[in-house]
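Here is the file data.cif (mmCIF, C-alpha atoms).
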data_upload
loop_
_atom_site.group_PDB
_atom_site.id
_atom_site.type_symbol
_atom_site.label_atom_id
_atom_site.label_comp_id
_atom_site.auth_asym_id
_atom_site.auth_seq_id
_atom_site.Cartn_x
_atom_site.Cartn_y
_atom_site.Cartn_z
ATOM 1 C CA ASP A 889 43.246 95.285 62.457
ATOM 2 C CA THR A 890 44.293 91.685 61.926
ATOM 3 C CA GLY A 891 41.168 90.128 63.402
ATOM 4 C CA VAL A 892 38.119 88.677 61.678
ATOM 5 C CA SER A 893 36.020 91.318 59.956
ATOM 6 C CA GLN A 894 32.451 91.204 58.701
ATOM 7 C CA ASN A 895 30.440 93.488 56.459
ATOM 8 C CA PRO A 896 27.966 94.964 56.678
ATOM 9 C CA ARG A 897 27.580 95.258 60.423
ATOM 10 C CA HIS A 898 23.862 95.874 60.160
ATOM 11 C CA LYS A 899 21.331 95.053 57.471
ATOM 12 C CA ILE A 900 17.645 95.853 57.345
ATOM 13 C CA THR A 901 15.696 94.300 54.528
ATOM 14 C CA LYS A 902 12.146 93.560 53.525
ATOM 15 C CA ARG A 903 10.786 90.059 53.514
ATOM 16 C CA GLY A 904 11.433 88.347 50.224
ATOM 17 C CA GLN A 905 14.606 90.243 49.387
ATOM 18 C CA ASN A 906 18.024 88.649 49.021
ATOM 19 C CA VAL A 907 20.940 89.629 51.235
ATOM 20 C CA THR A 908 24.641 88.832 51.138
ATOM 21 C CA PHE A 909 27.155 89.079 53.961
ATOM 22 C CA ARG A 910 30.913 88.986 53.752
ATOM 23 C CA CYS A 911 33.507 87.628 56.163
ATOM 24 C CA ASP A 912 37.246 88.220 55.996
ATOM 25 C CA PRO A 913 39.066 85.768 58.265
ATOM 26 C CA ILE A 914 42.442 86.149 59.901
ATOM 27 C CA SER A 915 44.805 85.920 56.952
ATOM 28 C CA GLU A 916 46.610 82.656 57.678
ATOM 29 C CA HIS A 917 43.546 80.795 58.936
ATOM 30 C CA ASN A 918 42.407 77.914 56.762
ATOM 31 C CA ARG A 919 39.065 77.229 58.429
ATOM 32 C CA LEU A 920 36.066 79.529 58.325
ATOM 33 C CA TYR A 921 32.774 78.994 60.117
ATOM 34 C CA TRP A 922 29.377 80.653 59.908
ATOM 35 C CA TYR A 923 27.034 80.775 62.896
ATOM 36 C CA ARG A 924 23.656 82.272 63.637
ATOM 37 C CA GLN A 925 22.885 83.754 67.042
ATOM 38 C CA THR A 926 19.489 84.814 68.272
ATOM 39 C CA LEU A 927 18.740 86.717 71.445
ATOM 40 C CA GLY A 928 19.391 84.685 74.569
ATOM 41 C CA GLN A 929 21.042 81.836 72.727
ATOM 42 C CA GLY A 930 24.545 80.688 72.025
ATOM 43 C CA PRO A 931 25.890 80.661 68.476
ATOM 44 C CA GLU A 932 24.420 77.890 66.314
ATOM 45 C CA PHE A 933 26.604 76.322 63.643
ATOM 46 C CA LEU A 934 25.541 76.817 60.024
ATOM 47 C CA THR A 935 28.448 75.730 57.840
ATOM 48 C CA TYR A 936 32.220 75.646 57.605
ATOM 49 C CA PHE A 937 34.990 75.691 55.036
ATOM 50 C CA GLN A 938 38.478 74.345 55.032
ATOM 51 C CA ASN A 939 40.282 76.442 52.462
ATOM 52 C CA GLU A 940 37.780 76.713 49.589
ATOM 53 C CA ALA A 941 35.945 73.458 50.295
ATOM 54 C CA GLN A 942 32.627 73.567 52.123
ATOM 55 C CA LEU A 943 32.916 70.510 54.332
ATOM 56 C CA GLU A 944 29.794 70.517 56.453
ATOM 57 C CA LYS A 945 26.382 72.139 56.567
ATOM 58 C CA SER A 946 23.916 72.155 59.410
ATOM 59 C CA ARG A 947 20.331 71.101 58.898
ATOM 60 C CA LEU A 948 19.582 74.678 59.995
ATOM 61 C CA LEU A 949 20.929 75.791 56.628
ATOM 62 C CA SER A 950 17.860 75.717 54.404
ATOM 63 C CA ASP A 951 17.974 75.784 50.624
ATOM 64 C CA ARG A 952 17.599 79.549 50.765
ATOM 65 C CA PHE A 953 21.048 79.843 52.337
ATOM 66 C CA SER A 954 24.239 79.478 50.353
ATOM 67 C CA ALA A 955 27.821 80.106 51.312
ATOM 68 C CA GLU A 956 30.968 80.347 49.267
ATOM 69 C CA ARG A 957 34.669 80.748 49.832
ATOM 70 C CA PRO A 958 35.940 80.829 46.261
ATOM 71 C CA LYS A 959 39.642 81.429 46.824
ATOM 72 C CA GLY A 960 39.982 80.097 50.312
ATOM 73 C CA SER A 961 40.164 83.579 51.773
ATOM 74 C CA PHE A 962 37.007 85.638 52.312
ATOM 75 C CA SER A 963 33.575 84.030 52.405
ATOM 76 C CA THR A 964 30.066 85.158 51.555
ATOM 77 C CA LEU A 965 26.777 84.017 53.000
ATOM 78 C CA GLU A 966 23.683 84.688 50.913
ATOM 79 C CA ILE A 967 20.106 84.388 52.070
ATOM 80 C CA GLN A 968 17.515 84.322 49.329
ATOM 81 C CA ARG A 969 13.860 85.268 49.797
ATOM 82 C CA THR A 970 14.425 86.380 53.360
ATOM 83 C CA GLU A 971 11.832 85.591 56.010
ATOM 84 C CA GLN A 972 11.212 87.300 59.327
ATOM 85 C CA GLY A 973 12.582 84.230 61.077
ATOM 86 C CA ASP A 974 15.963 84.899 59.482
ATOM 87 C CA SER A 975 16.393 87.944 61.712
ATOM 88 C CA ALA A 976 19.458 87.214 63.827
ATOM 89 C CA MET A 977 23.119 87.977 64.296
ATOM 90 C CA TYR A 978 25.260 86.139 61.745
ATOM 91 C CA LEU A 979 28.705 85.446 63.100
ATOM 92 C CA CYS A 980 31.788 84.336 61.257
ATOM 93 C CA ALA A 981 34.768 82.692 62.920
ATOM 94 C CA SER A 982 38.118 81.515 61.656
ATOM 95 C CA SER A 983 40.761 79.152 62.916
ATOM 96 C CA LEU A 984 43.966 77.429 61.992
ATOM 97 C CA ALA A 985 43.489 73.695 62.091
ATOM 98 C CA TRP A 986 46.435 71.658 63.275
ATOM 99 C CA THR A 987 46.520 67.961 62.688
ATOM 100 C CA GLY A 988 45.624 66.203 65.892
ATOM 101 C CA GLU A 989 44.929 69.383 67.816
ATOM 102 C CA GLN A 990 41.762 71.191 68.722
ATOM 103 C CA GLU A 991 41.477 74.628 67.309
ATOM 104 C CA THR A 992 40.608 77.967 68.745
ATOM 105 C CA GLN A 993 38.022 79.933 66.849
ATOM 106 C CA TYR A 994 38.182 83.706 66.613
ATOM 107 C CA PHE A 995 34.915 85.458 65.977
ATOM 108 C CA GLY A 996 34.107 88.480 63.889
ATOM 109 C CA PRO A 997 31.830 91.283 65.117
ATOM 110 C CA GLY A 998 28.829 89.827 63.316
ATOM 111 C CA THR A 999 26.212 91.116 60.906
ATOM 112 C CA ARG A 1000 22.890 91.890 62.520
ATOM 113 C CA LEU A 1001 20.038 91.179 60.118
ATOM 114 C CA LEU A 1002 16.540 92.502 60.579
ATOM 115 C CA VAL A 1003 13.870 91.315 58.169
ATOM 116 C CA LEU A 1004 10.761 93.487 58.149
ATOM 117 C CA GLY B 341 24.818 64.884 68.652
ATOM 118 C CA GLU B 342 26.372 66.862 71.456
ATOM 119 C CA ASN B 343 24.160 68.671 73.941
ATOM 120 C CA VAL B 344 25.549 71.333 76.266
ATOM 121 C CA GLU B 345 23.571 72.595 79.230
ATOM 122 C CA GLN B 346 24.666 75.771 81.012
ATOM 123 C CA HIS B 347 23.590 77.115 84.390
ATOM 124 C CA PRO B 348 22.620 79.538 85.714
ATOM 125 C CA SER B 349 21.115 81.658 82.967
ATOM 126 C CA THR B 350 21.590 84.778 85.075
ATOM 127 C CA LEU B 351 24.076 85.418 87.858
ATOM 128 C CA SER B 352 24.198 88.556 89.934
ATOM 129 C CA VAL B 353 27.115 89.172 92.319
ATOM 130 C CA GLN B 354 28.673 92.013 94.266
ATOM 131 C CA GLU B 355 32.015 93.371 93.179
ATOM 132 C CA GLY B 356 34.780 91.336 94.775
ATOM 133 C CA ASP B 357 32.713 88.171 95.095
ATOM 134 C CA SER B 358 33.405 84.994 93.145
ATOM 135 C CA ALA B 359 31.226 83.736 90.306
ATOM 136 C CA VAL B 360 30.837 80.155 89.132
ATOM 137 C CA ILE B 361 29.165 79.027 85.914
ATOM 138 C CA LYS B 362 28.593 75.347 85.263
ATOM 139 C CA CYS B 363 28.159 73.358 82.064
ATOM 140 C CA THR B 364 27.431 69.731 81.339
ATOM 141 C CA TYR B 365 27.928 67.912 78.062
ATOM 142 C CA SER B 366 26.556 64.664 76.724
ATOM 143 C CA ASP B 367 29.152 63.311 74.291
ATOM 144 C CA SER B 368 31.966 61.559 76.124
ATOM 145 C CA ALA B 369 34.142 61.976 73.007
ATOM 146 C CA SER B 370 34.217 65.750 73.463
ATOM 147 C CA ASN B 371 37.676 66.843 74.511
ATOM 148 C CA TYR B 372 37.978 70.579 73.975
ATOM 149 C CA PHE B 373 36.055 73.081 76.079
ATOM 150 C CA PRO B 374 36.377 76.811 75.379
ATOM 151 C CA TRP B 375 34.697 79.645 77.252
ATOM 152 C CA TYR B 376 33.689 82.844 75.494
ATOM 153 C CA LYS B 377 32.761 86.248 76.881
ATOM 154 C CA GLN B 378 30.366 88.383 74.890
ATOM 155 C CA GLU B 379 29.702 91.971 75.849
ATOM 156 C CA LEU B 380 26.550 93.620 74.620
ATOM 157 C CA GLY B 381 26.701 94.165 70.877
ATOM 158 C CA LYS B 382 30.208 92.754 70.570
ATOM 159 C CA ARG B 383 31.814 89.581 69.286
ATOM 160 C CA PRO B 384 32.332 86.480 71.458
ATOM 161 C CA GLN B 385 35.903 86.474 72.718
ATOM 162 C CA LEU B 386 37.750 83.438 73.964
ATOM 163 C CA ILE B 387 38.767 83.914 77.587
ATOM 164 C CA ILE B 388 40.028 80.461 78.519
ATOM 165 C CA ASP B 389 39.887 76.900 77.251
ATOM 166 C CA ILE B 390 40.698 73.467 78.560
ATOM 167 C CA ARG B 391 41.522 70.168 76.927
ATOM 168 C CA SER B 392 40.503 66.829 78.317
ATOM 169 C CA ASN B 393 44.007 65.807 79.296
ATOM 170 C CA VAL B 394 43.978 68.300 82.199
ATOM 171 C CA GLY B 395 41.584 68.823 85.047
ATOM 172 C CA GLU B 396 42.138 72.480 85.757
ATOM 173 C CA LYS B 397 43.552 75.574 84.126
ATOM 174 C CA LYS B 398 44.012 79.023 85.562
ATOM 175 C CA ASP B 399 44.684 82.438 84.088
ATOM 176 C CA GLN B 400 44.848 85.245 86.642
ATOM 177 C CA ARG B 401 41.320 85.646 88.054
ATOM 178 C CA ILE B 402 39.788 83.054 85.759
ATOM 179 C CA ALA B 403 39.940 79.289 86.156
ATOM 180 C CA VAL B 404 38.234 76.368 84.505
ATOM 181 C CA THR B 405 37.805 72.882 85.936
ATOM 182 C CA LEU B 406 36.860 69.747 84.058
ATOM 183 C CA ASN B 407 35.408 66.494 85.374
ATOM 184 C CA LYS B 408 35.440 64.015 82.505
ATOM 185 C CA THR B 409 33.760 61.275 84.476
ATOM 186 C CA ALA B 410 30.784 63.432 85.336
ATOM 187 C CA LYS B 411 30.965 65.264 82.002
ATOM 188 C CA HIS B 412 30.861 68.711 83.451
ATOM 189 C CA PHE B 413 33.106 71.736 83.461
ATOM 190 C CA SER B 414 32.953 75.031 85.270
ATOM 191 C CA LEU B 415 34.204 78.586 84.947
ATOM 192 C CA HIS B 416 35.366 80.329 88.109
ATOM 193 C CA ILE B 417 35.909 84.068 88.271
ATOM 194 C CA THR B 418 37.411 85.445 91.476
ATOM 195 C CA GLU B 419 37.439 89.039 92.714
ATOM 196 C CA THR B 420 34.805 90.032 90.191
ATOM 197 C CA GLN B 421 34.827 93.537 88.763
ATOM 198 C CA PRO B 422 32.068 95.501 87.016
ATOM 199 C CA GLU B 423 33.857 95.042 83.695
ATOM 200 C CA ASP B 424 33.352 91.292 84.061
ATOM 201 C CA SER B 425 29.651 91.920 83.402
ATOM 202 C CA ALA B 426 28.809 90.141 80.139
ATOM 203 C CA VAL B 427 27.274 86.972 78.761
ATOM 204 C CA TYR B 428 29.495 83.932 79.099
ATOM 205 C CA PHE B 429 29.181 80.904 76.826
ATOM 206 C CA CYS B 430 30.651 77.479 77.330
ATOM 207 C CA ALA B 431 31.170 75.097 74.430
ATOM 208 C CA ALA B 432 32.250 71.543 73.767
ATOM 209 C CA SER B 433 33.858 70.028 70.697
ATOM 210 C CA LYS B 434 35.907 66.989 69.774
ATOM 211 C CA ARG B 435 38.914 66.225 67.673
ATOM 212 C CA GLY B 436 38.615 64.213 64.544
ATOM 213 C CA GLY B 437 37.313 66.370 61.743
ATOM 214 C CA SER B 438 35.314 69.507 61.972
ATOM 215 C CA TYR B 439 35.853 70.645 65.586
ATOM 216 C CA ILE B 440 32.432 72.217 65.422
ATOM 217 C CA PRO B 441 31.595 73.439 68.922
ATOM 218 C CA THR B 442 28.209 73.101 70.529
ATOM 219 C CA PHE B 443 27.492 76.133 72.665
ATOM 220 C CA GLY B 444 25.541 76.471 75.854
ATOM 221 C CA ARG B 445 22.753 79.027 76.033
ATOM 222 C CA GLY B 446 24.844 81.510 77.949
ATOM 223 C CA THR B 447 24.994 83.031 81.419
ATOM 224 C CA SER B 448 24.392 86.713 81.910
ATOM 225 C CA LEU B 449 26.781 87.822 84.663
ATOM 226 C CA ILE B 450 26.034 91.094 86.389
ATOM 227 C CA VAL B 451 28.622 92.478 88.782
ATOM 228 C CA HIS B 452 27.255 95.237 90.989
ATOM 229 C CA PRO B 453 29.754 97.898 92.113
#
Written form, structure tokens:
Amino acid sequence: DTGVSQNPRHKITKRGQNVTFRCDPISEHNRLYWYRQTLGQGPEFLTYFQNEAQLEKSRLLSDRFSAERPKGSFSTLEIQRTEQGDSAMYLCASSLAWTGEQETQYFGPGTRLLVL
Amino acid sequence: GENVEQHPSTLSVQEGDSAVIKCTYSDSASNYFPWYKQELGKRPQLIIDIRSNVGEKKDQRIAVTLNKTAKHFSLHITETQPEDSAVYFCAASKRGGSYIPTFGRGTSLIVHP
């Protein structure tokens, strides 16, 4: 499968625990985005990388959230001291940015997080 | 920032009928408008997109129209089939940096056989 992959697909954790999600983008894609989606809503932007550089973070991304893309390939999203309000689907998307062109983002299957 | 409104939130049609979903955006600089289909428990998948230099784009039973002056764009699905049942999201983004899309809240389309 050459699409975007995410692991794990489901995560149940207790409030206060730390969790880490992984995203593997389409291999030649240089941009990687993280989104959060709650029931009945569209995806909300969290952060994005171009290669290994984290270029933008949403104000939704509290200090408890951190993302990395150390080698410009896969990315991890960590949530520290999880809260019940963090329960959501976390989506990753990747794209190939062309100068002067819009880009099409391809989504992964998501990681569904439930904080008890 | 950009604000995207999507209507209706739920749309129920009979198989074979047409379905239309409408979105409006606020930032006149937005110039790329993708539509995603998300089936229950699955990833959003791009079904069609349109750039601001065209007013209409068609792909088989799916078409998208864009009115830049009014800042709205619409998704048209003809001859609907039960497998078209899903949540559809519109989005708007603009060139010049991050291309971060702002999504609408989604339309749940139900096609009754």
Practice item. For chain A, work out the contacting residues on chain B at 12 Å, counting all atoms listed in the file, and write them as a PyMOL selection string. Key: chain B and resi 341+343-346+349-350+370-392+427-448
Please determine an axis-aligned box that encloses all atoms of range 426-436 of chain B listed in the file, with 6 Å added on each side, and express its centre and edge lengths in Å to one decimal as JSON.
{"center_x": 33.1, "center_y": 77.2, "center_z": 72.3, "size_x": 23.6, "size_y": 37.9, "size_z": 27.6}
Review point. What is the distance between CA of His347 in chain B and CA of Pro453 in chain B, in Å to one decimal?
Key: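 One can read the CA of His347 in chain B to CA of Pro453 in chain B distance as 23.0 Å.
Atom pair CA of Leu415 in chain B / CA of Gln925 in chain A has a distance of 21.8 Å (rounded to one decimal).
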Practice item. Identify all residues satisfying the PyMOL selection byres ((chain A and resi 898-905) around 6) in the given file; provide them as a ChimeraX atom specification. Key: /A:896-897,906,969-971,999-1004
Exercise for review: Could you list the residues chosen by the PyMOL selection byres ((chain A and resi 952-966) around 7) in this structure as a ChimeraX atom specification?
Suggested key: /A:907-913,939-940,949-951,967-969
Atoms kept (C-alpha atoms) for range 917-982 of chain A, as a PDB file, in the first residue's frame:
ATOM      1  CA  HIS A 917       5.668  13.790  -0.355  1.00  0.00           C
ATOM      2  CA  ASN A 918       7.510  16.634   1.333  1.00  0.00           C
ATOM      3  CA  ARG A 919       4.614  18.097   3.305  1.00  0.00           C
ATOM      4  CA  LEU A 920       2.902  16.420   6.230  1.00  0.00           C
ATOM      5  CA  TYR A 921      -0.105  17.738   8.117  1.00  0.00           C
ATOM      6  CA  TRP A 922      -1.802  16.755  11.356  1.00  0.00           C
ATOM      7  CA  TYR A 923      -5.512  17.352  11.919  1.00  0.00           C
ATOM      8  CA  ARG A 924      -7.996  16.608  14.653  1.00  0.00           C
ATOM      9  CA  GLN A 925     -11.560  15.609  13.830  1.00  0.00           C
ATOM     10  CA  THR A 926     -14.402  15.339  16.284  1.00  0.00           C
ATOM     11  CA  LEU A 927     -17.828  13.904  15.608  1.00  0.00           C
ATOM     12  CA  GLY A 928     -19.880  16.038  13.255  1.00  0.00           C
ATOM     13  CA  GLN A 929     -17.022  18.341  12.379  1.00  0.00           C
ATOM     14  CA  GLY A 930     -14.573  18.723   9.562  1.00  0.00           C
ATOM     15  CA  PRO A 931     -10.863  18.177  10.146  1.00  0.00           C
ATOM     16  CA  GLU A 932      -9.206  20.978  12.126  1.00  0.00           C
ATOM     17  CA  PHE A 933      -5.599  21.853  11.361  1.00  0.00           C
ATOM     18  CA  LEU A 934      -3.048  21.255  14.119  1.00  0.00           C
ATOM     19  CA  THR A 935       0.395  21.563  12.552  1.00  0.00           C
ATOM     20  CA  TYR A 936       2.384  20.895   9.407  1.00  0.00           C
ATOM     21  CA  PHE A 937       5.902  20.089   8.291  1.00  0.00           C
ATOM     22  CA  GLN A 938       7.774  20.729   5.118  1.00  0.00           C
ATOM     23  CA  ASN A 939      10.489  18.104   5.093  1.00  0.00           C
ATOM     24  CA  GLU A 940      11.755  18.071   8.696  1.00  0.00           C
ATOM     25  CA  ALA A 941      10.839  21.668   9.519  1.00  0.00           C
ATOM     26  CA  GLN A 942       7.678  22.365  11.492  1.00  0.00           C
ATOM     27  CA  LEU A 943       6.424  25.490   9.770  1.00  0.00           C
ATOM     28  CA  GLU A 944       3.120  26.275  11.418  1.00  0.00           C
ATOM     29  CA  LYS A 945       1.142  25.360  14.505  1.00  0.00           C
ATOM     30  CA  SER A 946      -2.482  26.072  15.233  1.00  0.00           C
ATOM     31  CA  ARG A 947      -3.542  27.749  18.440  1.00  0.00           C
ATOM     32  CA  LEU A 948      -5.455  24.495  18.997  1.00  0.00           C
ATOM     33  CA  LEU A 949      -2.097  22.851  19.633  1.00  0.00           C
ATOM     34  CA  SER A 950      -1.599  23.321  23.362  1.00  0.00           C
ATOM     35  CA  ASP A 951       1.717  22.900  25.131  1.00  0.00           C
ATOM     36  CA  ARG A 952       0.775  19.307  25.860  1.00  0.00           C
ATOM     37  CA  PHE A 953       0.983  18.490  22.153  1.00  0.00           C
ATOM     38  CA  SER A 954       4.263  18.055  20.334  1.00  0.00           C
ATOM     39  CA  ALA A 955       5.006  16.834  16.855  1.00  0.00           C
ATOM     40  CA  GLU A 956       8.215  15.809  15.181  1.00  0.00           C
ATOM     41  CA  ARG A 957       9.394  14.751  11.765  1.00  0.00           C
ATOM     42  CA  PRO A 958      13.070  14.111  12.437  1.00  0.00           C
ATOM     43  CA  LYS A 959      14.217  12.859   9.047  1.00  0.00           C
ATOM     44  CA  GLY A 960      11.584  14.402   6.871  1.00  0.00           C
ATOM     45  CA  SER A 961       9.808  11.092   6.434  1.00  0.00           C
ATOM     46  CA  PHE A 962       7.507   9.739   9.149  1.00  0.00           C
ATOM     47  CA  SER A 963       6.090  11.982  11.856  1.00  0.00           C
ATOM     48  CA  THR A 964       4.985  11.484  15.439  1.00  0.00           C
ATOM     49  CA  LEU A 965       2.385  13.362  17.418  1.00  0.00           C
ATOM     50  CA  GLU A 966       2.625  13.121  21.194  1.00  0.00           C
ATOM     51  CA  ILE A 967      -0.005  14.208  23.669  1.00  0.00           C
ATOM     52  CA  GLN A 968       1.163  14.532  27.241  1.00  0.00           C
ATOM     53  CA  ARG A 969      -1.120  14.356  30.278  1.00  0.00           C
ATOM     54  CA  THR A 970      -4.131  13.474  28.179  1.00  0.00           C
ATOM     55  CA  GLU A 971      -7.509  14.980  29.010  1.00  0.00           C
ATOM     56  CA  GLN A 972     -10.966  13.722  28.129  1.00  0.00           C
ATOM     57  CA  GLY A 973     -11.313  16.611  25.700  1.00  0.00           C
ATOM     58  CA  ASP A 974      -8.459  15.163  23.656  1.00  0.00           C
ATOM     59  CA  SER A 975     -10.708  12.301  22.573  1.00  0.00           C
ATOM     60  CA  ALA A 976     -10.977  12.608  18.800  1.00  0.00           C
ATOM     61  CA  MET A 977      -9.794  11.195  15.512  1.00  0.00           C
ATOM     62  CA  TYR A 978      -6.265  12.353  14.690  1.00  0.00           C
ATOM     63  CA  LEU A 979      -5.703  12.483  10.969  1.00  0.00           C
ATOM     64  CA  CYS A 980      -2.468  12.809   9.080  1.00  0.00           C
ATOM     65  CA  ALA A 981      -2.228  13.985   5.487  1.00  0.00           C
ATOM     66  CA  SER A 982       0.641  14.376   3.074  1.00  0.00           C
TER      67      SER A 982
END
